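A.B. asks: A single structure is presented below for examination.
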Amino acid sequence: MSYDTEHVRNAGDTPGMITGIPTFAELLENPSLASLYTSIRRSATATGPELVETTTVSKKTVYDYLHKLEQAGLISKVDDDGGTAVYTAEEFELTLTVRETEVSITPELIEVIAQKNEYPAIERILEDHGIVTFALAYDLVKAHSKGNVTIRQIASLTDLSPGTAYDLVEALYSILDLGDDESGPTTYTPDDFDEDEGDLLGEFADK
């Protein structure tokens, strides 16, 4: 996996270059690293000892990950608490284009990827179809929760099978707390999907 460094930037108040593209790539593929970054981001600030207490990886791995993330520009030191470094997560956005539609890889997407070991559909799509397809599917699932697209349309736009698309919708509804407590993803029959209804991807991009 490779990325053009000119298109990976921090998205904070003072945007700066994300310099460690290999680490960024690892963030997309390593749920433990993604989880560590997500933990720092969720808590606003965190120290190494705090992360050692809450993570499932070894102390050495925690500090190796902190070094990687800091060198890559994905986290930064904001304080020194009695000799212990305090870290904060940097916001970022990577924009990619698929089928003339832009998809964004953001910290929110990384938070989902961090849970891929718990949701087989996420891991399956990432391994079989790649991050671009997954990012597009992620955006479409959020559109589905607003009633803008059907599951069959998600499948068509991403080249996923309807069953895989449904499994992903179900997983993301759970992770992102989409929909309401009384209903899960709505299923659709083939009659709900018109193969000749036009450029679905273009219609989604215009929303």
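Following the order of the structure tokens, chains are lettered A, B, ..., residues in each are numbered from 1, and ligands are numbered from 1.
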When DSSP is applied to the backbone of this structure, which of region 24-205 of chain A are assigned strand (DSSP E or B)? Write them out as an MDAnalysis selection string.
C.D. replies: chainID A and resid 46:47 75:81 84:89 92:98 101:105 180 183
A.B. asks: Take the residues from that selection and write them out as a CSV table (one decimal), in the first residue's frame, keeping C-alpha atoms.
C.D. replies:
```
chain,number,residue,atom,x,y,z
A,46,ALA,CA,-2.9,10.4,27.5
A,47,THR,CA,0.4,9.2,28.9
A,75,ILE,CA,0.3,12.4,17.8
A,76,SER,CA,2.3,15.1,19.6
A,77,LYS,CA,3.6,15.8,23.0
A,78,VAL,CA,1.6,18.6,24.7
A,79,ASP,CA,2.9,18.5,28.3
A,80,ASP,CA,5.4,16.8,30.6
A,81,ASP,CA,3.7,15.5,33.8
A,84,THR,CA,6.0,11.6,31.9
A,85,ALA,CA,5.2,12.7,28.4
A,86,VAL,CA,1.5,13.7,27.7
A,87,TYR,CA,0.3,13.0,24.2
A,88,THR,CA,-2.6,14.3,22.1
A,89,ALA,CA,-3.8,13.0,18.8
A,92,PHE,CA,-6.0,14.2,9.7
A,93,GLU,CA,-7.7,13.6,6.5
A,94,LEU,CA,-6.6,11.6,3.4
A,95,THR,CA,-8.8,12.2,0.4
A,96,LEU,CA,-8.9,9.5,-2.3
A,97,THR,CA,-11.0,9.3,-5.5
A,98,VAL,CA,-12.8,6.2,-6.6
A,101,THR,CA,-16.3,10.2,-6.1
A,102,GLU,CA,-14.0,11.4,-3.3
A,103,VAL,CA,-13.7,9.3,-0.2
A,104,SER,CA,-12.0,10.4,3.0
A,105,ILE,CA,-9.9,8.5,5.5
A,180,ASP,CA,-32.8,3.5,16.5
A,183,SER,CA,-34.8,-1.6,14.3
```
A.B. asks: I'd like the neighbourhood of region 49-60 of chain A as a ChimeraX atom specification, where a residue qualifies if any of its atoms comes within 10 Å (using only C-alpha atoms), though same-chain residues fewer than 6 positions away should be ignored.
C.D. replies: /A:32-33,35-36,39-40,66,84-86
A.B. asks: Please save C-alpha atoms of the selected residues as a PDB file, in the first residue's frame.
C.D. replies:
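Output (result_20.pdb):
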```pdb
ATOM      1  CA  SER A  32      -3.751  -2.535  17.826  1.00  0.00           C
ATOM      2  CA  LEU A  33      -1.983   0.569  16.511  1.00  0.00           C
ATOM      3  CA  SER A  35      -6.791   1.328  18.788  1.00  0.00           C
ATOM      4  CA  LEU A  36      -3.906   3.103  20.542  1.00  0.00           C
ATOM      5  CA  SER A  39      -7.610   5.825  22.689  1.00  0.00           C
ATOM      6  CA  ILE A  40      -5.434   8.951  22.735  1.00  0.00           C
ATOM      7  CA  LEU A  66       3.892   6.005  20.628  1.00  0.00           C
ATOM      8  CA  THR A  84       6.042  11.605  31.875  1.00  0.00           C
ATOM      9  CA  ALA A  85       5.151  12.749  28.360  1.00  0.00           C
ATOM     10  CA  VAL A  86       1.533  13.681  27.726  1.00  0.00           C
TER      11      VAL A  86
END
```
A.B. asks: Using only C-alpha atoms, which of the listed residues (A:Leu28, A:Ala165, A:Leu172, A:Leu160) sits closest to Ile131 (chain A)?
C.D. replies: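 Smallest separation from Ile131 (chain A) among the options: A:Leu28.
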A.B. asks: Restrict the calculation to only C-alpha atoms, then for each residue of region 18-117 of chain A with any atom at most 10 Å from an atom of region 174-177 of chain A give the closest atom pair and their distance in Å to one decimal, rows by chain and rising residue number, as CSV.
C.D. replies:
```
residue,atom,partner,partner_atom,distance
A:Glu108,CA,A:Leu176,CA,9.5
A:Glu111,CA,A:Ile175,CA,9.3
A:Val112,CA,A:Ile175,CA,7.2
A:Gln115,CA,A:Ile175,CA,8.5
```
A.B. asks: Please save all heavy atoms of the selected residues as a PDB file, in the first residue's frame.
C.D. replies:
```
ATOM      1  N   GLU A 108     -12.245   9.006  12.402  1.00  0.00           N
ATOM      2  CA  GLU A 108     -13.471   8.242  12.660  1.00  0.00           C
ATOM      3  C   GLU A 108     -13.427   6.894  11.944  1.00  0.00           C
ATOM      4  O   GLU A 108     -13.861   5.866  12.494  1.00  0.00           O
ATOM      5  CB  GLU A 108     -14.693   9.043  12.198  1.00  0.00           C
ATOM      6  CG  GLU A 108     -15.017  10.265  13.036  1.00  0.00           C
ATOM      7  CD  GLU A 108     -14.104  11.454  12.746  1.00  0.00           C
ATOM      8  OE1 GLU A 108     -13.398  11.445  11.705  1.00  0.00           O
ATOM      9  OE2 GLU A 108     -14.084  12.394  13.560  1.00  0.00           O
ATOM     10  N   GLU A 111     -11.096   4.599  13.773  1.00  0.00           N
ATOM     11  CA  GLU A 111     -11.736   4.034  14.960  1.00  0.00           C
ATOM     12  C   GLU A 111     -12.538   2.781  14.610  1.00  0.00           C
ATOM     13  O   GLU A 111     -12.581   1.823  15.379  1.00  0.00           O
ATOM     14  CB  GLU A 111     -12.652   5.070  15.608  1.00  0.00           C
ATOM     15  CG  GLU A 111     -13.276   4.606  16.900  1.00  0.00           C
ATOM     16  CD  GLU A 111     -13.980   5.719  17.655  1.00  0.00           C
ATOM     17  OE1 GLU A 111     -13.814   6.894  17.279  1.00  0.00           O
ATOM     18  OE2 GLU A 111     -14.685   5.404  18.627  1.00  0.00           O
ATOM     19  N   VAL A 112     -13.164   2.779  13.439  1.00  0.00           N
ATOM     20  CA  VAL A 112     -13.894   1.593  12.977  1.00  0.00           C
ATOM     21  C   VAL A 112     -12.921   0.470  12.650  1.00  0.00           C
ATOM     22  O   VAL A 112     -13.119  -0.689  13.043  1.00  0.00           O
ATOM     23  CB  VAL A 112     -14.765   1.941  11.753  1.00  0.00           C
ATOM     24  CG1 VAL A 112     -15.335   0.673  11.125  1.00  0.00           C
ATOM     25  CG2 VAL A 112     -15.892   2.886  12.164  1.00  0.00           C
ATOM     26  N   GLN A 115     -11.599  -1.871  15.241  1.00  0.00           N
ATOM     27  CA  GLN A 115     -12.485  -2.921  15.759  1.00  0.00           C
ATOM     28  C   GLN A 115     -12.696  -4.055  14.759  1.00  0.00           C
ATOM     29  O   GLN A 115     -13.592  -4.875  14.932  1.00  0.00           O
ATOM     30  CB  GLN A 115     -13.837  -2.303  16.135  1.00  0.00           C
ATOM     31  CG  GLN A 115     -13.720  -1.206  17.180  1.00  0.00           C
ATOM     32  CD  GLN A 115     -15.060  -0.623  17.559  1.00  0.00           C
ATOM     33  OE1 GLN A 115     -15.940  -1.324  18.076  1.00  0.00           O
ATOM     34  NE2 GLN A 115     -15.237   0.668  17.319  1.00  0.00           N
TER      35      GLN A 115
END
```
A.B. asks: Between A:Asn148, A:Tyr119, A:Tyr37, A:Ile154, single out the one closest to Thr133 (chain A), counting only C-alpha atoms.
C.D. replies: A:Ile154
A.B. asks: List every residue of region 29-106 of chain A that DSSP, applied to the backbone, labels as alpha helix (DSSP H), and write the result as a ChimeraX atom specification.
C.D. replies: /A:29,31-43,48-54,59-72
A.B. asks: Taking only C-alpha atoms into account, which of A:Leu74, A:Val62, A:Ala121, A:Val169 comes nearest His144 (chain A)?
C.D. replies: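 Distance minimum relative to His144 (chain A) lands on A:Val169.
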